[in-house]
Structures are given as structure tokens and as C-alpha cells.
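Visitor: You'll find query_37.txt just under this line, and it carries compact mmCIF, N, CA, C and O atoms.
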# COMPACT_ATOMS: atom_id res chain seq x y z
N MET A 1 9.76 8.23 8.46
CA MET A 1 8.44 7.96 7.91
C MET A 1 7.32 8.40 8.84
O MET A 1 6.17 8.38 8.45
N LYS A 2 7.68 8.77 10.05
CA LYS A 2 6.66 9.20 10.99
C LYS A 2 5.87 10.37 10.41
O LYS A 2 6.43 11.24 9.76
N ASN A 3 4.57 10.37 10.65
CA ASN A 3 3.67 11.42 10.16
C ASN A 3 3.56 11.47 8.65
O ASN A 3 3.26 12.51 8.08
N LYS A 4 3.80 10.35 7.99
CA LYS A 4 3.66 10.28 6.53
C LYS A 4 2.55 9.28 6.19
O LYS A 4 2.37 8.26 6.83
N LEU A 5 1.85 9.62 5.14
CA LEU A 5 0.84 8.74 4.56
C LEU A 5 1.40 8.24 3.23
O LEU A 5 1.71 9.04 2.36
N ILE A 6 1.58 6.94 3.11
CA ILE A 6 2.08 6.38 1.85
C ILE A 6 0.90 6.15 0.92
O ILE A 6 -0.06 5.46 1.27
N PHE A 7 0.99 6.74 -0.25
CA PHE A 7 -0.05 6.66 -1.28
C PHE A 7 0.49 5.74 -2.37
O PHE A 7 1.32 6.15 -3.19
N LEU A 8 0.08 4.48 -2.35
CA LEU A 8 0.60 3.46 -3.26
C LEU A 8 -0.31 3.36 -4.49
O LEU A 8 -1.45 2.93 -4.39
N THR A 9 0.22 3.77 -5.64
CA THR A 9 -0.61 3.83 -6.85
C THR A 9 -0.38 2.66 -7.80
O THR A 9 -1.04 2.59 -8.83
N THR A 10 0.54 1.76 -7.47
CA THR A 10 0.87 0.67 -8.38
C THR A 10 1.40 -0.53 -7.60
O THR A 10 1.73 -0.42 -6.42
N ASP A 11 1.47 -1.66 -8.26
CA ASP A 11 2.03 -2.86 -7.63
C ASP A 11 3.45 -3.12 -8.13
O ASP A 11 4.03 -4.17 -7.91
N SER A 12 4.03 -2.12 -8.81
CA SER A 12 5.38 -2.22 -9.35
C SER A 12 5.99 -0.82 -9.29
O SER A 12 5.42 0.12 -9.83
N LEU A 13 7.12 -0.68 -8.65
CA LEU A 13 7.72 0.63 -8.43
C LEU A 13 8.53 1.08 -9.64
O LEU A 13 9.41 0.37 -10.11
N GLY A 14 8.22 2.26 -10.15
CA GLY A 14 8.95 2.82 -11.28
C GLY A 14 8.31 2.48 -12.61
O GLY A 14 7.36 1.71 -12.71
N ASN A 15 8.87 3.05 -13.67
CA ASN A 15 8.30 2.90 -15.01
C ASN A 15 9.08 1.96 -15.91
O ASN A 15 8.74 1.82 -17.07
N GLY A 16 10.12 1.33 -15.42
CA GLY A 16 10.93 0.45 -16.25
C GLY A 16 10.36 -0.95 -16.30
O GLY A 16 9.14 -1.16 -16.34
N ASP A 17 11.24 -1.92 -16.27
CA ASP A 17 10.86 -3.33 -16.33
C ASP A 17 9.91 -3.69 -15.18
O ASP A 17 10.20 -3.38 -14.02
N ARG A 18 8.81 -4.31 -15.48
CA ARG A 18 7.79 -4.63 -14.47
C ARG A 18 8.32 -5.58 -13.41
O ARG A 18 8.03 -5.43 -12.22
N GLU A 19 9.09 -6.60 -13.81
CA GLU A 19 9.63 -7.55 -12.83
C GLU A 19 10.57 -6.84 -11.85
O GLU A 19 10.52 -7.07 -10.64
N LEU A 20 11.41 -5.97 -12.37
CA LEU A 20 12.30 -5.20 -11.51
C LEU A 20 11.49 -4.30 -10.59
O LEU A 20 11.77 -4.21 -9.39
N GLY A 21 10.47 -3.65 -11.12
CA GLY A 21 9.62 -2.78 -10.31
C GLY A 21 8.93 -3.52 -9.18
O GLY A 21 8.79 -2.99 -8.07
N THR A 22 8.51 -4.74 -9.44
CA THR A 22 7.87 -5.57 -8.41
C THR A 22 8.87 -5.87 -7.29
O THR A 22 8.54 -5.80 -6.11
N GLN A 23 10.10 -6.20 -7.69
CA GLN A 23 11.15 -6.47 -6.70
C GLN A 23 11.47 -5.21 -5.89
O GLN A 23 11.68 -5.28 -4.67
N LEU A 24 11.53 -4.06 -6.55
CA LEU A 24 11.82 -2.81 -5.86
C LEU A 24 10.74 -2.47 -4.83
O LEU A 24 11.04 -2.03 -3.72
N LEU A 25 9.48 -2.68 -5.19
CA LEU A 25 8.39 -2.40 -4.27
C LEU A 25 8.47 -3.32 -3.05
O LEU A 25 8.30 -2.88 -1.91
N GLU A 26 8.75 -4.59 -3.30
CA GLU A 26 8.88 -5.54 -2.19
C GLU A 26 10.04 -5.14 -1.28
O GLU A 26 9.93 -5.17 -0.05
N THR A 27 11.16 -4.73 -1.88
CA THR A 27 12.31 -4.30 -1.09
C THR A 27 11.97 -3.07 -0.26
O THR A 27 12.34 -2.98 0.91
N PHE A 28 11.25 -2.12 -0.85
CA PHE A 28 10.85 -0.92 -0.12
C PHE A 28 10.10 -1.29 1.14
O PHE A 28 10.41 -0.81 2.24
N PHE A 29 9.09 -2.15 1.02
CA PHE A 29 8.28 -2.50 2.19
C PHE A 29 9.02 -3.43 3.15
O PHE A 29 8.78 -3.38 4.36
N THR A 30 9.95 -4.24 2.65
CA THR A 30 10.80 -5.05 3.53
C THR A 30 11.60 -4.13 4.44
O THR A 30 11.68 -4.35 5.66
N LEU A 31 12.21 -3.11 3.86
CA LEU A 31 13.02 -2.17 4.64
C LEU A 31 12.15 -1.27 5.52
O LEU A 31 12.52 -0.97 6.66
N LEU A 32 11.00 -0.87 5.01
CA LEU A 32 10.12 0.00 5.78
C LEU A 32 9.68 -0.65 7.08
O LEU A 32 9.72 -0.01 8.15
N LYS A 33 9.28 -1.90 7.03
CA LYS A 33 8.76 -2.55 8.24
C LYS A 33 9.84 -2.74 9.31
O LYS A 33 9.52 -2.97 10.46
N GLN A 34 11.10 -2.61 8.93
CA GLN A 34 12.21 -2.76 9.87
C GLN A 34 12.59 -1.45 10.54
O GLN A 34 13.37 -1.44 11.49
N ARG A 35 12.03 -0.35 10.08
CA ARG A 35 12.38 0.96 10.61
C ARG A 35 11.70 1.21 11.95
O ARG A 35 10.63 0.67 12.23
N GLU A 36 12.34 2.04 12.73
CA GLU A 36 11.78 2.40 14.02
C GLU A 36 10.55 3.29 13.85
O GLU A 36 9.54 3.11 14.51
N GLN A 37 10.67 4.26 12.95
CA GLN A 37 9.55 5.16 12.68
C GLN A 37 8.78 4.66 11.46
O GLN A 37 9.32 4.60 10.36
N LEU A 38 7.53 4.33 11.68
CA LEU A 38 6.68 3.78 10.63
C LEU A 38 5.70 4.85 10.16
O LEU A 38 5.43 5.83 10.86
N PRO A 39 5.14 4.67 8.97
CA PRO A 39 4.17 5.66 8.47
C PRO A 39 2.88 5.64 9.27
O PRO A 39 2.59 4.68 9.99
N ALA A 40 2.10 6.70 9.12
CA ALA A 40 0.81 6.79 9.80
C ALA A 40 -0.19 5.82 9.18
O ALA A 40 -1.03 5.25 9.87
N ALA A 41 -0.10 5.62 7.86
CA ALA A 41 -1.01 4.73 7.14
C ALA A 41 -0.48 4.50 5.73
O ALA A 41 0.40 5.23 5.26
N ILE A 42 -1.04 3.48 5.08
CA ILE A 42 -0.74 3.18 3.68
C ILE A 42 -2.08 3.10 2.97
O ILE A 42 -2.99 2.38 3.41
N PHE A 43 -2.22 3.88 1.90
CA PHE A 43 -3.48 3.91 1.15
C PHE A 43 -3.18 3.48 -0.29
O PHE A 43 -2.37 4.10 -0.97
N CYS A 44 -3.85 2.41 -0.73
CA CYS A 44 -3.60 1.84 -2.06
C CYS A 44 -4.71 2.21 -3.03
O CYS A 44 -5.90 2.05 -2.72
N VAL A 45 -4.30 2.70 -4.19
CA VAL A 45 -5.25 3.08 -5.24
C VAL A 45 -4.79 2.48 -6.57
O VAL A 45 -3.66 2.04 -6.72
N ASN A 46 -5.70 2.53 -7.54
CA ASN A 46 -5.43 2.02 -8.88
C ASN A 46 -4.79 0.63 -8.78
O ASN A 46 -5.26 -0.20 -8.03
N ARG A 47 -3.70 0.37 -9.50
CA ARG A 47 -3.09 -0.96 -9.46
C ARG A 47 -2.41 -1.26 -8.12
O ARG A 47 -2.02 -2.39 -7.86
N GLY A 48 -2.31 -0.27 -7.27
CA GLY A 48 -1.75 -0.50 -5.93
C GLY A 48 -2.55 -1.50 -5.13
O GLY A 48 -2.01 -2.17 -4.24
N VAL A 49 -3.84 -1.64 -5.43
CA VAL A 49 -4.67 -2.61 -4.70
C VAL A 49 -4.23 -4.05 -4.98
O VAL A 49 -4.49 -4.94 -4.17
N PHE A 50 -3.54 -4.28 -6.10
CA PHE A 50 -3.03 -5.63 -6.38
C PHE A 50 -1.96 -6.04 -5.37
O PHE A 50 -1.73 -7.23 -5.16
N ALA A 51 -1.30 -5.07 -4.75
CA ALA A 51 -0.29 -5.38 -3.73
C ALA A 51 -0.92 -5.97 -2.48
O ALA A 51 -0.22 -6.47 -1.60
N LEU A 52 -2.24 -5.95 -2.39
CA LEU A 52 -2.97 -6.48 -1.24
C LEU A 52 -3.50 -7.89 -1.48
O LEU A 52 -4.24 -8.41 -0.66
N THR A 53 -3.11 -8.49 -2.57
CA THR A 53 -3.56 -9.85 -2.91
C THR A 53 -2.41 -10.84 -2.73
O THR A 53 -1.25 -10.45 -2.67
N GLU A 54 -2.75 -12.11 -2.69
CA GLU A 54 -1.71 -13.13 -2.52
C GLU A 54 -0.81 -13.24 -3.75
O GLU A 54 0.26 -13.84 -3.68
N GLN A 55 -1.20 -12.64 -4.86
CA GLN A 55 -0.37 -12.65 -6.07
C GLN A 55 0.88 -11.78 -5.89
O GLN A 55 1.82 -11.87 -6.67
N SER A 56 0.89 -10.94 -4.86
CA SER A 56 2.00 -10.03 -4.63
C SER A 56 2.71 -10.38 -3.33
O SER A 56 2.08 -10.46 -2.26
N LEU A 57 4.01 -10.57 -3.39
CA LEU A 57 4.78 -10.82 -2.18
C LEU A 57 4.77 -9.61 -1.26
O LEU A 57 4.96 -9.74 -0.05
N THR A 58 4.52 -8.45 -1.80
CA THR A 58 4.42 -7.23 -1.01
C THR A 58 3.32 -7.36 0.04
O THR A 58 3.41 -6.79 1.13
N SER A 59 2.29 -8.13 -0.26
CA SER A 59 1.18 -8.29 0.69
C SER A 59 1.65 -8.86 2.02
O SER A 59 1.10 -8.52 3.07
N LEU A 60 2.67 -9.70 2.00
CA LEU A 60 3.20 -10.27 3.25
C LEU A 60 3.79 -9.18 4.13
O LEU A 60 3.60 -9.17 5.36
N HIS A 61 4.49 -8.24 3.52
CA HIS A 61 5.11 -7.14 4.27
C HIS A 61 4.04 -6.16 4.76
O HIS A 61 4.13 -5.64 5.88
N LEU A 62 3.03 -5.94 3.95
CA LEU A 62 1.93 -5.07 4.36
C LEU A 62 1.16 -5.69 5.53
O LEU A 62 0.72 -4.98 6.43
N LYS A 63 1.03 -7.00 5.53
CA LYS A 63 0.38 -7.70 6.65
C LYS A 63 1.18 -7.47 7.93
O LYS A 63 0.61 -7.21 9.00
N GLU A 64 2.50 -7.56 7.84
CA GLU A 64 3.33 -7.32 9.02
C GLU A 64 3.20 -5.89 9.52
O GLU A 64 3.21 -5.65 10.73
N LEU A 65 3.06 -4.94 8.60
CA LEU A 65 2.85 -3.55 9.02
C LEU A 65 1.49 -3.39 9.70
O LEU A 65 1.37 -2.69 10.70
N MET A 66 0.47 -4.08 9.18
CA MET A 66 -0.85 -4.05 9.84
C MET A 66 -0.75 -4.64 11.24
O MET A 66 -1.39 -4.12 12.16
N ASP A 67 0.05 -5.68 11.39
CA ASP A 67 0.24 -6.29 12.70
C ASP A 67 0.91 -5.33 13.69
O ASP A 67 0.82 -5.51 14.90
N LYS A 68 1.57 -4.30 13.15
CA LYS A 68 2.19 -3.26 13.97
C LYS A 68 1.26 -2.05 14.11
O LYS A 68 1.70 -0.96 14.43
N ASN A 69 -0.01 -2.28 13.82
CA ASN A 69 -1.07 -1.25 13.94
C ASN A 69 -0.95 -0.11 12.94
O ASN A 69 -1.41 1.01 13.22
N ILE A 70 -0.37 -0.37 11.79
CA ILE A 70 -0.34 0.61 10.71
C ILE A 70 -1.54 0.32 9.80
O ILE A 70 -1.63 -0.77 9.23
N PRO A 71 -2.47 1.26 9.66
CA PRO A 71 -3.61 1.01 8.76
C PRO A 71 -3.15 0.84 7.31
O PRO A 71 -2.38 1.65 6.79
N VAL A 72 -3.61 -0.22 6.69
CA VAL A 72 -3.39 -0.47 5.26
C VAL A 72 -4.77 -0.44 4.63
O VAL A 72 -5.62 -1.27 4.94
N LEU A 73 -4.98 0.54 3.76
CA LEU A 73 -6.31 0.82 3.23
C LEU A 73 -6.34 0.66 1.72
O LEU A 73 -5.37 0.96 1.03
N ALA A 74 -7.48 0.20 1.22
CA ALA A 74 -7.67 -0.01 -0.21
C ALA A 74 -8.84 0.83 -0.70
O ALA A 74 -9.92 0.81 -0.10
N CYS A 75 -8.64 1.53 -1.78
CA CYS A 75 -9.70 2.33 -2.41
C CYS A 75 -10.81 1.39 -2.90
O CYS A 75 -10.57 0.49 -3.71
N ALA A 76 -12.01 1.59 -2.38
CA ALA A 76 -13.14 0.73 -2.74
C ALA A 76 -13.43 0.75 -4.24
O ALA A 76 -13.68 -0.30 -4.84
N THR A 77 -13.38 1.93 -4.84
CA THR A 77 -13.64 2.05 -6.27
C THR A 77 -12.64 1.22 -7.07
O THR A 77 -13.01 0.53 -8.03
N CYS A 78 -11.37 1.26 -6.67
CA CYS A 78 -10.31 0.54 -7.38
C CYS A 78 -10.47 -0.97 -7.20
O CYS A 78 -10.33 -1.73 -8.17
N VAL A 79 -10.76 -1.39 -5.99
CA VAL A 79 -10.97 -2.81 -5.71
C VAL A 79 -12.12 -3.35 -6.55
O VAL A 79 -12.01 -4.43 -7.15
N ASP A 80 -13.19 -2.60 -6.62
CA ASP A 80 -14.35 -3.03 -7.41
C ASP A 80 -14.05 -2.99 -8.90
O ASP A 80 -14.48 -3.89 -9.64
N TYR A 81 -13.33 -1.98 -9.36
CA TYR A 81 -12.98 -1.88 -10.78
C TYR A 81 -12.21 -3.12 -11.24
O TYR A 81 -12.47 -3.65 -12.31
N TYR A 82 -11.26 -3.55 -10.41
CA TYR A 82 -10.45 -4.73 -10.75
C TYR A 82 -11.08 -6.04 -10.26
O TYR A 82 -10.48 -7.10 -10.41
N ASN A 83 -12.26 -5.95 -9.64
CA ASN A 83 -12.98 -7.13 -9.14
C ASN A 83 -12.10 -7.96 -8.19
O ASN A 83 -11.95 -9.17 -8.36
N LEU A 84 -11.55 -7.29 -7.17
CA LEU A 84 -10.60 -7.94 -6.26
C LEU A 84 -11.11 -8.16 -4.84
O LEU A 84 -10.36 -8.65 -4.00
N ARG A 85 -12.33 -7.81 -4.55
CA ARG A 85 -12.83 -7.92 -3.16
C ARG A 85 -12.56 -9.28 -2.55
O ARG A 85 -12.15 -9.36 -1.39
N GLU A 86 -12.79 -10.33 -3.29
CA GLU A 86 -12.61 -11.68 -2.75
C GLU A 86 -11.14 -12.11 -2.72
O GLU A 86 -10.80 -13.11 -2.09
N GLN A 87 -10.26 -11.36 -3.38
CA GLN A 87 -8.86 -11.74 -3.47
C GLN A 87 -7.95 -10.99 -2.49
O GLN A 87 -6.78 -11.33 -2.37
N LEU A 88 -8.48 -9.99 -1.80
CA LEU A 88 -7.66 -9.24 -0.86
C LEU A 88 -7.28 -10.12 0.32
O LEU A 88 -8.13 -10.77 0.92
N THR A 89 -5.99 -10.16 0.63
CA THR A 89 -5.52 -10.94 1.77
C THR A 89 -5.05 -10.05 2.92
O THR A 89 -4.76 -10.54 4.00
N VAL A 90 -4.99 -8.77 2.66
CA VAL A 90 -4.56 -7.80 3.67
C VAL A 90 -5.25 -6.47 3.37
O VAL A 90 -5.68 -6.22 2.24
N GLY A 91 -5.40 -5.65 4.37
CA GLY A 91 -5.95 -4.32 4.19
C GLY A 91 -7.44 -4.26 4.44
O GLY A 91 -8.12 -5.28 4.58
N GLU A 92 -7.91 -3.02 4.52
CA GLU A 92 -9.33 -2.74 4.73
C GLU A 92 -9.83 -1.87 3.58
O GLU A 92 -9.11 -1.00 3.10
N ILE A 93 -11.06 -2.09 3.19
CA ILE A 93 -11.67 -1.28 2.15
C ILE A 93 -11.95 0.11 2.72
O ILE A 93 -12.44 0.25 3.85
N SER A 94 -11.62 1.12 1.95
CA SER A 94 -11.80 2.50 2.40
C SER A 94 -12.30 3.35 1.23
O SER A 94 -12.63 2.82 0.17
N SER A 95 -12.30 4.65 1.42
CA SER A 95 -12.82 5.54 0.38
C SER A 95 -11.84 6.66 0.09
O SER A 95 -10.96 6.97 0.89
N MET A 96 -12.03 7.30 -1.05
CA MET A 96 -11.19 8.43 -1.42
C MET A 96 -11.42 9.58 -0.43
O MET A 96 -10.51 10.34 -0.13
N GLY A 97 -12.62 9.68 0.09
CA GLY A 97 -12.91 10.70 1.10
C GLY A 97 -12.05 10.50 2.34
O GLY A 97 -11.54 11.46 2.93
N HIS A 98 -11.89 9.24 2.75
CA HIS A 98 -11.03 8.94 3.91
C HIS A 98 -9.58 9.28 3.59
O HIS A 98 -8.86 9.81 4.45
N PHE A 99 -9.15 8.99 2.37
CA PHE A 99 -7.79 9.37 1.97
C PHE A 99 -7.61 10.89 2.11
O PHE A 99 -6.59 11.36 2.62
N MET A 100 -8.59 11.64 1.66
CA MET A 100 -8.49 13.10 1.73
C MET A 100 -8.39 13.57 3.19
O MET A 100 -7.63 14.50 3.49
N GLU A 101 -9.13 12.92 4.08
CA GLU A 101 -9.03 13.27 5.50
C GLU A 101 -7.63 12.99 6.03
O GLU A 101 -7.06 13.80 6.76
N LEU A 102 -7.08 11.84 5.66
CA LEU A 102 -5.72 11.49 6.10
C LEU A 102 -4.69 12.45 5.50
O LEU A 102 -3.74 12.85 6.18
N ALA A 103 -4.89 12.82 4.24
CA ALA A 103 -3.95 13.72 3.56
C ALA A 103 -3.94 15.11 4.19
O ALA A 103 -2.94 15.83 4.09
N GLU A 104 -5.03 15.48 4.84
CA GLU A 104 -5.06 16.76 5.55
C GLU A 104 -4.24 16.69 6.83
O GLU A 104 -3.74 17.70 7.31
N GLN A 105 -4.08 15.49 7.38
CA GLN A 105 -3.38 15.32 8.65
C GLN A 105 -1.90 14.98 8.49
O GLN A 105 -1.10 15.31 9.37
N PHE A 106 -1.55 14.31 7.39
CA PHE A 106 -0.20 13.79 7.22
C PHE A 106 0.39 14.20 5.87
O PHE A 106 -0.34 14.40 4.90
N GLU A 107 1.70 14.25 5.83
CA GLU A 107 2.40 14.48 4.57
C GLU A 107 2.26 13.23 3.71
O GLU A 107 2.42 12.11 4.18
N VAL A 108 1.95 13.42 2.43
CA VAL A 108 1.73 12.30 1.52
C VAL A 108 3.01 11.97 0.77
O VAL A 108 3.63 12.84 0.16
N LEU A 109 3.39 10.70 0.81
CA LEU A 109 4.52 10.17 0.04
C LEU A 109 3.93 9.24 -1.01
O LEU A 109 3.36 8.20 -0.67
N THR A 110 4.02 9.63 -2.28
CA THR A 110 3.43 8.84 -3.35
C THR A 110 4.45 7.87 -3.93
O THR A 110 5.54 8.28 -4.31
N LEU A 111 4.08 6.61 -4.01
CA LEU A 111 4.88 5.58 -4.67
C LEU A 111 4.17 5.22 -5.95
O LEU A 111 3.02 4.78 -5.94
N SER A 112 4.88 5.41 -7.07
CA SER A 112 4.25 5.10 -8.37
C SER A 112 5.25 4.44 -9.29
O SER A 112 6.42 4.37 -9.02
Mind turning this structure into C-alpha cells?

Guide:
Amino acid sequence: MKNKLIFLTTDSLGNGDRELGTQLLETFFTLLKQREQLPAAIFCVNRGVFALTEQSLTSLHLKELMDKNIPVLACATCVDYYNLREQLTVGEISSMGHFMELAEQFEVLTLS
């Protein structure tokens, strides 16, 4: 995962059953935080910003990644669209412009 930017577009991994997708996303981040090589950053857009709220168990794993100095970023437009500013428990508000800067530096791994 070194030198990768994770682009999280949803709070549920895959297109099948939503409950299964939520579990898969949590498992992904559980395993990711245990790896020796961690991503350069995680950028959340669209429904991915819901993973940064207490409603998502994934937020606990993202908090642990932040504690390991991995930037966890939330698209400001998306946070405002879903009216989540007051509900974020992890991550920093960022911009699509910042994502584009990061995408120029790192390989993008999209989770959808």
C-alpha cells in the first residue's frame, strides 16, 4: 500500500447486499491498519464521508490510521451535501483540488 492514495467513494464495499458491503469495508480497513506498509492518505468522497461518522464502525479503524500519521481526508462538498460536518468523528475536511494534488503524487486505489 506504500505510495498509494485510497479514494473511498462509499461506506459499503461492492454493489451487492449493503450489510455485507459494510462488513467488507470494515474488514478491509481492519486488515489495512495491521500492515507494515500503509497508504500515503485516504480521501473520502460521496457516501464515503459516512465512513467518518460514528454510525460507521469503519471510523474506528480510520481513527487508528490517523493515529499512525496517515491523513484521512473528507471532501468538503460531499460533507456539506450530506450535512455531516457536526457528525464527523475522524478525518479532516479537504477539497477536490487537494485530492488532485495527491493523485499527481501517488497511485490511486479506488474503493467503491

Visitor: Quick one: pick out all strand (DSSP E) residues within chain A from a backbone DSSP run and write them as a ChimeraX atom specification.

Guide: /A:4-8,41-44,72-75,92-94,107-111

Visitor: Looking at all atoms listed in the file, which of A:Asn3, A:Gln23, A:Thr9, A:Gln87 is the one that sits closest to A:Gly48?

Guide: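 Of the candidates, the smallest distance to A:Gly48 is held by A:Thr9.
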
Visitor: Given all atoms listed in the file as the basis, pick out the residue of A:Val90, A:Arg47, A:Ile42, A:Leu57 nearest to A:Ile70.

Guide: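 Distance minimum relative to A:Ile70 lands on A:Ile42.
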
Visitor: One decimal, Å: what's the distance from atom O of A:Leu52 over to atom O of A:Leu73, could you say?

Guide: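 A separation of 9.6 Å between them.
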
Visitor: Quick one: residues within 8 Å of A:Leu60, all atoms listed in the file counted, chain neighbours fewer than 5 positions away excluded, as an MDAnalysis selection string?

Guide: chainID A and resid 29 51:54 65:67 89:90

Visitor: Between A:Val79, A:Val49, A:Ser95, A:Glu107, which one has atoms that come closest to A:Met1, using all atoms listed in the file?

Guide: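 Nearest candidate to A:Met1 out of A:Val79, A:Val49, A:Ser95, A:Glu107: A:Glu107.
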
Visitor: Calculated over all atoms listed in the file, which of the candidates A:Gln105, A:Asn83, A:Thr58, A:Asn46 has the smallest distance to A:Thr10?

Guide: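 Using all atoms listed in the file, the shortest distance to A:Thr10 belongs to A:Asn46.
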
Visitor: Please indicate the distance in Å from atom CA of A:Leu38 to atom O of A:Arg18, rounded to one decimal place.

Guide: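 Separating atom CA of A:Leu38 from atom O of A:Arg18 is a distance of 24.7 Å.
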
Visitor: Write out as JSON, numbers by chain all residues of chain A that backbone DSSP assigns to helix (DSSP H, G or I).

Guide: {"A": [18, 19, 20, 21, 22, 23, 24, 25, 26, 27, 28, 29, 30, 31, 32, 46, 47, 48, 49, 50, 51, 52, 58, 59, 60, 61, 62, 63, 64, 65, 66, 67, 76, 77, 78, 79, 80, 81, 85, 86, 87, 96, 97, 98, 99, 100, 101, 102, 103, 104, 105]}
